[in-house]
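What follows is a short report on a single structure.
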Amino acid sequence: MNVCVIGTGYVGLVTGTCLAYLGHAVVCVDNNPQKIALLEAGKSPIYEPGLEALLDHGIRQGTLTFTLDLAEAVRGAEVIFIAVGTPPLPSGEPDLQYVEAVAQGIGAAVTDEKVRVVVNKSTVPIGSGNWVEMLVEEGVSAHQSVPTGTGALKAPQAPHFLVASNPEFLREGSAIGDTLYPDRIVIGAQAPEAVSTLRELYAPLLDQSFDAPAIASRPEGLRSVPLVTTDLASAEMIKYAANAFLATKISFINEVANLCEKVGADVTQVAKGIGLDTRIGSRFLNAGAGWGGSCFGKDVSALISIGREYQYEMELLKATVSVNAHQRQRLIQKLQEALKILKGKTIGILGLAFKPNTDDLRDAPALDVARHLLKMGARVKAYDPIAMPHCREQHPDLDIHYSESVEELAVGCDALVLMTEWDEFKAMDLTIVRGLVRTPVLLDARNVLSPAVCQNYGFQYMGVGR
Ligand code: NAD
């Protein structure tokens with residue numbers, strides 16, 4: 001099928017690249033000329049394991065192209081994905097200006113009568129499907145009524161758009177595998193034709209009939225993927241509810257961790273003990289620095305603010321947010337407990353990205369911690385295997401001293417704080433590191449190191465809830 005994906009960020013680029021891998025003819029659109037130039041040269045503007053290999057495959061097969069010209073790309077497509085950002089406004093509501101611009105642009109681009117499906121992959125408030133439909137129609141009507149010489153209005157045949165919601169559940173860092181082998185595909189639409197078009201588009205994923213690429217092997221035993229079809233509003237709610245639940249699960253275990261510290265229990269053992277209960281499940285039960293990234297905070301805040309529109313206070317989600325904010329504060333308190341005075345101390349931060357295997361720094365707990373420490377008069381050093389160039393570029397205000405290795409970071413530190421669980425940090429040579437730091441204080445904000453091993457190397461180890 002001919003597909004157009006608008007927005008070449010983490011979601012749009014991965015979606016477009018994977019659809020091209022499945023054999024569809026995909027045009028990816030962005031309004032950022034630097035991104036399009038990089039992509040045309042086969043380079044990914046984001047770090048995502050395996051993505052460049054699949055990009056290269058699509059470009060060489062001729063199934064994947066890139067353009068700045070939205071109108072042209074839309075005209076040639078049967079299915080049009082909107083995958084632009086919906087970042088949070090200070091009020092907590094998502095900023096829909098990019099979705100709005102794109103929806104209007106889609107309507108304005110088309111004058112023929114072909115049926116096209118507009119699919120919203122951006123995470124948008126409940127009801128946005130109908131709003132997108134209205135905007136597309138507004139774009140269409142801008143070129144619909146053309147005055148004739150007699151003063152009468154000529155009404156050409158209307159282009160035909162069907163709107164669907166197809167929420168995205170990929171995780172940065174494992175986005176290719178998540179897209180090719182999803183737990184489920186959700187499609188919300190009023191028109192049955194929209195569902196059948198998307199069922200056809202996703203057929204190779206639904207029945208897992210494609211050959212797995214070398215960079216992402218198929219999970220053993222996966223033969224098919226469930227398709228959940230719903231109305232528009234329910235599909236939009238599924239996305240918010242999924243993220244709100246996961247964020248709540250993390251805040252829950254962090255709250256338990258904080259109590260574990262007081263009563264002398266170990267939250268890693270508690271998490272194992274409860275996670276083996278299949279009703280609970282073991283994932284998203286890692287106590288630590290709390291959640292971050294571009295989605296959880298934004299989506300939980302959006303759900304709270306949608307509730308308020310309907311005079312409903314989402315009390316549980318408000319607690320989820322406040323426990324998460326407290327968790328970052330708690331790390332500063334732990335450093336204060338160990339070092340007493342932070343002013344003038346050198347703190348080394350291991351990891352800046354909000355999680356490993358990505359360069360995404362949006363709402364990264366490490367940046368909050370760095371900002372706090374700097375405000376308190378500490379000197380902050382940092383090392384991240386991938387995210388440092390982004391950090392330098394996006395946060396020039398942060399007076400961070402960047403290091404090129406764990407060893408360079410350790411030199412002269414009064415405390416090390418492990419903020420992102422990169423494999424490199426799990427495997428760091430503690431003998432060498434111990435020899436380089438000024439004071440052997442190690443705050444493991446992700447609970448990935450062994451307290452006993454760290455103590456054997458002479459570190460004062462602090463984890464979260466253990
Ligand atoms: P992003 O910020 O990485 O990418 C958005 C892209 O859209 C950018 O490249 C930007 O240049 C482009 N863009 C903006 N306006 C445009 C326009 N008028 N025309 C063409 N391109 C335009 O965003 P993302 O992380 O990919 O997220 C996209 C959406 O998907 C958001 O709603 C997000 O909540 C949702 N989502 C994200 C993730 C994730 O892990 N990042 C997961 C699931 C859902």
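Every chain in the structure tokens has a letter given in the order shown (A, B, ...), and although residue numbers restart at 1 in each chain, ligands are simply numbered from 1 in the order shown.
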
Which residues come within 10 Å of Val256 of chain A, counting only C-alpha atoms, excluding same-chain residues fewer than 6 positions away, as a PyMOL selection string? chain A and resi 250+265-267+270-271+287+465

Find the residues around segment 170-177 of chain A up to 8 Å (only C-alpha atoms counted), leave out those fewer than 3 positions away in its own chain, and share them as a PyMOL selection string. chain A and resi 10-11+14+18+48-51+180-182+216-218+356-358

Taking the backbone alone, and naming residues the way the document does, which bits of segment 127-320 of chain A are helix (DSSP H, G or I) by DSSP, as a PyMOL selection string? chain A and resi 128-141+175-180+192-201+203-206+232-263+267-275+296-309+315-320

Residues within 9 Å of ligand 1 should be enumerated using only C-alpha atoms and all ligand atoms and returned as a PyMOL selection string. chain A and resi 5-14+28-33+35+45-46+68-70+82-87+94+96-103+105+120-124+167-173+175+239+293-296+298-299+360

Quick one: of A:Leu55, A:Ile332, A:Gly288, A:Leu373, who's nearest to Lys355 of chain A, counting only C-alpha atoms?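 Residue with the minimum atom-to-atom distance to Lys355 of chain A: A:Gly288.
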
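Between Leu227 of chain A and the candidates A:Leu361, A:Val448, A:Leu19, A:Leu198, the tightest atom-to-atom separation, counting only C-alpha atoms, involves A:Leu198.
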
For a test of reading the model, state the distance in Å between atom CA of Met376 of chain A and atom CA of His401 of chain A, rounded to one decimal.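 Computing it gives 16.0 Å between the two atoms.
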
Considering only C-alpha atoms, return as a count of residues only whatever protein or nucleic-acid residues lie within 12 Å of Ser91 of chain A, sequence-local ones (same chain, fewer than 5 positions apart) excluded. 8

Who sits within 12 Å of Glu408 of chain A, only C-alpha atoms, same chain under 2 positions skipped, as a short mmCIF file (atom, residue, chain, number, x, y, z; two decimals) with C-alpha atoms, in the first residue's frame:
```
data_model
loop_
_atom_site.label_atom_id
_atom_site.label_comp_id
_atom_site.auth_asym_id
_atom_site.auth_seq_id
_atom_site.Cartn_x
_atom_site.Cartn_y
_atom_site.Cartn_z
CA GLY A 348 29.58 12.39 39.14
CA ILE A 349 26.39 11.41 37.31
CA LEU A 350 26.51 8.10 35.47
CA LYS A 381 30.27 15.93 36.20
CA ALA A 382 28.42 13.57 33.87
CA TYR A 383 29.06 10.75 31.47
CA ASP A 384 26.54 9.05 29.17
CA HIS A 401 31.40 19.03 33.12
CA TYR A 402 31.17 16.24 30.57
CA SER A 403 33.53 13.23 30.73
CA GLU A 404 34.35 10.79 27.97
CA SER A 405 34.45 7.64 30.11
CA VAL A 406 33.46 6.25 33.50
CA ALA A 410 35.25 9.18 38.61
CA VAL A 411 38.37 11.33 39.04
CA GLY A 412 37.98 13.57 42.09
CA CYS A 413 34.30 12.76 42.77
CA ILE A 432 39.69 1.23 39.08
CA VAL A 433 36.78 3.52 39.93
CA GLY A 435 41.06 4.32 43.02
CA LEU A 436 39.94 7.48 41.20
CA VAL A 437 37.16 8.91 43.37
#
```

Would you mind telling me which residue in A:Phe210, A:Phe354, A:Phe459, A:Tyr202 lies nearest to Gly292 of chain A when using only C-alpha atoms?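 Answer, going by the shortest atom-to-atom distance: A:Phe354.
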
Check which residues of segment 308-328 of chain A sit at most 10 Å from segment 365-368 of chain A using only C-alpha atoms, and return one row each with the closest pair of atoms and their distance in Å to one decimal, ordered by chain and rising number, as a tab-separated table.
```
residue	atom	partner	partner_atom	distance
A:Asn324	CA	A:Pro365	CA	9.6
A:Ala325	CA	A:Pro365	CA	9.2
A:Gln327	CA	A:Pro365	CA	9.3
A:Arg328	CA	A:Pro365	CA	6.6
```

Would you list the contacts of Val464 of chain A as JSON, numbers by chain, taking every protein, DNA or RNA residue within 10 Å and counting only C-alpha atoms, but skipping same-chain residues closer than 3 positions in sequence? {"A": [254, 257, 258, 260, 261, 266, 267, 268, 286, 287, 288, 289, 327, 330, 331, 334, 443, 444, 445, 446, 447]}

Please provide the set of residues having any atom within 12 Å of His57 of chain A, restricted to only C-alpha atoms, with same-chain residues fewer than 2 positions apart removed, written as a tab-separated table (two decimals) with N, CA, C and O atoms, in the first residue's frame.
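Here's the written file out.tsv:
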```
chain	number	residue	atom	x	y	z
A	17	THR	N	9.72	3.23	8.84
A	17	THR	CA	10.79	2.31	8.45
A	17	THR	C	10.32	0.86	8.53
A	17	THR	O	10.62	0.04	7.64
A	18	CYS	N	9.55	0.54	9.57
A	18	CYS	CA	9.08	-0.84	9.71
A	18	CYS	C	8.02	-1.16	8.64
A	18	CYS	O	8.01	-2.27	8.09
A	19	LEU	N	7.14	-0.21	8.34
A	19	LEU	CA	6.14	-0.48	7.30
A	19	LEU	C	6.82	-0.68	5.95
A	19	LEU	O	6.40	-1.52	5.14
A	20	ALA	N	7.90	0.08	5.71
A	20	ALA	CA	8.65	-0.11	4.45
A	20	ALA	C	9.31	-1.48	4.44
A	20	ALA	O	9.34	-2.16	3.41
A	21	TYR	N	9.80	-1.90	5.61
A	21	TYR	CA	10.42	-3.24	5.69
A	21	TYR	C	9.39	-4.33	5.34
A	21	TYR	O	9.72	-5.34	4.71
A	22	LEU	N	8.13	-4.07	5.71
A	22	LEU	CA	7.07	-5.06	5.43
A	22	LEU	C	6.65	-5.04	3.96
A	22	LEU	O	5.81	-5.83	3.55
A	23	GLY	N	7.19	-4.08	3.19
A	23	GLY	CA	6.93	-4.08	1.75
A	23	GLY	C	6.03	-2.96	1.28
A	23	GLY	O	5.73	-2.87	0.08
A	42	GLY	N	20.64	8.35	4.59
A	42	GLY	CA	20.62	7.05	5.27
A	42	GLY	C	21.02	7.13	6.73
A	42	GLY	O	21.30	6.11	7.36
A	50	GLY	N	19.31	-0.65	15.83
A	50	GLY	CA	18.81	-1.36	14.65
A	50	GLY	C	18.15	-0.48	13.61
A	50	GLY	O	17.89	-0.90	12.48
A	51	LEU	N	17.86	0.78	13.96
A	51	LEU	CA	17.08	1.62	13.05
A	51	LEU	C	17.84	1.92	11.76
A	51	LEU	O	17.27	1.86	10.67
A	52	GLU	N	19.14	2.23	11.89
A	52	GLU	CA	19.88	2.60	10.66
A	52	GLU	C	19.97	1.44	9.69
A	52	GLU	O	19.90	1.63	8.48
A	53	ALA	N	20.07	0.21	10.22
A	53	ALA	CA	20.13	-0.95	9.33
A	53	ALA	C	18.82	-1.09	8.55
A	53	ALA	O	18.83	-1.35	7.34
A	54	LEU	N	17.69	-0.88	9.22
A	54	LEU	CA	16.40	-0.99	8.52
A	54	LEU	C	16.17	0.18	7.56
A	54	LEU	O	15.57	0.01	6.49
A	55	LEU	N	16.67	1.37	7.96
A	55	LEU	CA	16.58	2.53	7.07
A	55	LEU	C	17.30	2.22	5.77
A	55	LEU	O	16.77	2.43	4.67
A	59	ILE	N	15.74	2.12	2.01
A	59	ILE	CA	16.21	3.05	0.97
A	59	ILE	C	16.72	2.25	-0.23
A	59	ILE	O	16.42	2.55	-1.38
A	60	ARG	N	17.48	1.18	0.07
A	60	ARG	CA	18.03	0.38	-1.04
A	60	ARG	C	16.93	-0.34	-1.82
A	60	ARG	O	16.98	-0.46	-3.03
A	61	GLN	N	15.89	-0.81	-1.10
A	61	GLN	CA	14.77	-1.50	-1.78
A	61	GLN	C	13.90	-0.51	-2.56
A	61	GLN	O	13.04	-0.92	-3.33
A	62	GLY	N	14.04	0.77	-2.24
A	62	GLY	CA	13.19	1.78	-2.90
A	62	GLY	C	11.82	1.89	-2.28
A	62	GLY	O	10.91	2.53	-2.84
A	63	THR	N	11.61	1.27	-1.10
A	63	THR	CA	10.28	1.33	-0.46
A	63	THR	C	10.18	2.49	0.53
A	63	THR	O	9.11	2.77	1.05
A	64	LEU	N	11.32	3.17	0.80
A	64	LEU	CA	11.31	4.20	1.83
A	64	LEU	C	11.94	5.48	1.29
A	64	LEU	O	13.11	5.49	0.88
A	65	THR	N	11.14	6.55	1.26
A	65	THR	CA	11.68	7.85	0.80
A	65	THR	C	11.30	8.93	1.80
A	65	THR	O	10.45	8.72	2.67
A	213	PRO	N	13.92	-9.47	10.44
A	213	PRO	CA	15.22	-8.91	10.06
A	213	PRO	C	16.31	-9.38	11.04
A	213	PRO	O	15.99	-9.74	12.18
A	214	ALA	N	17.56	-9.35	10.56
A	214	ALA	CA	18.67	-9.85	11.41
A	214	ALA	C	18.77	-9.04	12.71
A	214	ALA	O	19.15	-9.57	13.75
A	215	ILE	N	18.39	-7.76	12.66
A	215	ILE	CA	18.59	-6.91	13.86
A	215	ILE	C	17.46	-7.07	14.89
A	215	ILE	O	17.55	-6.50	15.98
```

Find the residue from A:Gly129, A:Gly297, A:Ile238, A:Val323 that sits nearest to Glu255 of chain A; use only C-alpha atoms when measuring. A:Val323

If we count only C-alpha atoms and set the cut-off at 12 Å, which residues sit around Lys343 of chain A, ignoring sequence neighbours fewer than 6 positions away in its own chain? Please answer as a list of chain:residue names.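 Counting only the stated atoms, we get A:Leu335, A:Gln336, A:His372, A:Leu373, A:Leu374, A:Lys375, A:Met376, A:Gly377, A:Ala378, A:Arg379, A:Val380, A:Asp414.
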
Residues as selected, C-alpha atoms, written as a CSV table (one decimal), in the first residue's frame, can you do that?
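Written out: part-v6.csv:
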```csv
chain,number,residue,atom,x,y,z
A,335,LEU,CA,23.4,12.5,49.0
A,336,GLN,CA,23.0,15.0,51.8
A,372,HIS,CA,19.2,20.5,41.9
A,373,LEU,CA,22.8,19.8,42.7
A,374,LEU,CA,24.0,22.8,40.7
A,375,LYS,CA,21.5,25.0,42.5
A,376,MET,CA,22.9,23.7,45.8
A,377,GLY,CA,26.4,24.7,44.8
A,378,ALA,CA,27.8,21.3,43.9
A,379,ARG,CA,30.1,20.8,40.9
A,380,VAL,CA,28.4,18.3,38.5
A,414,ASP,CA,32.9,13.0,46.3
```
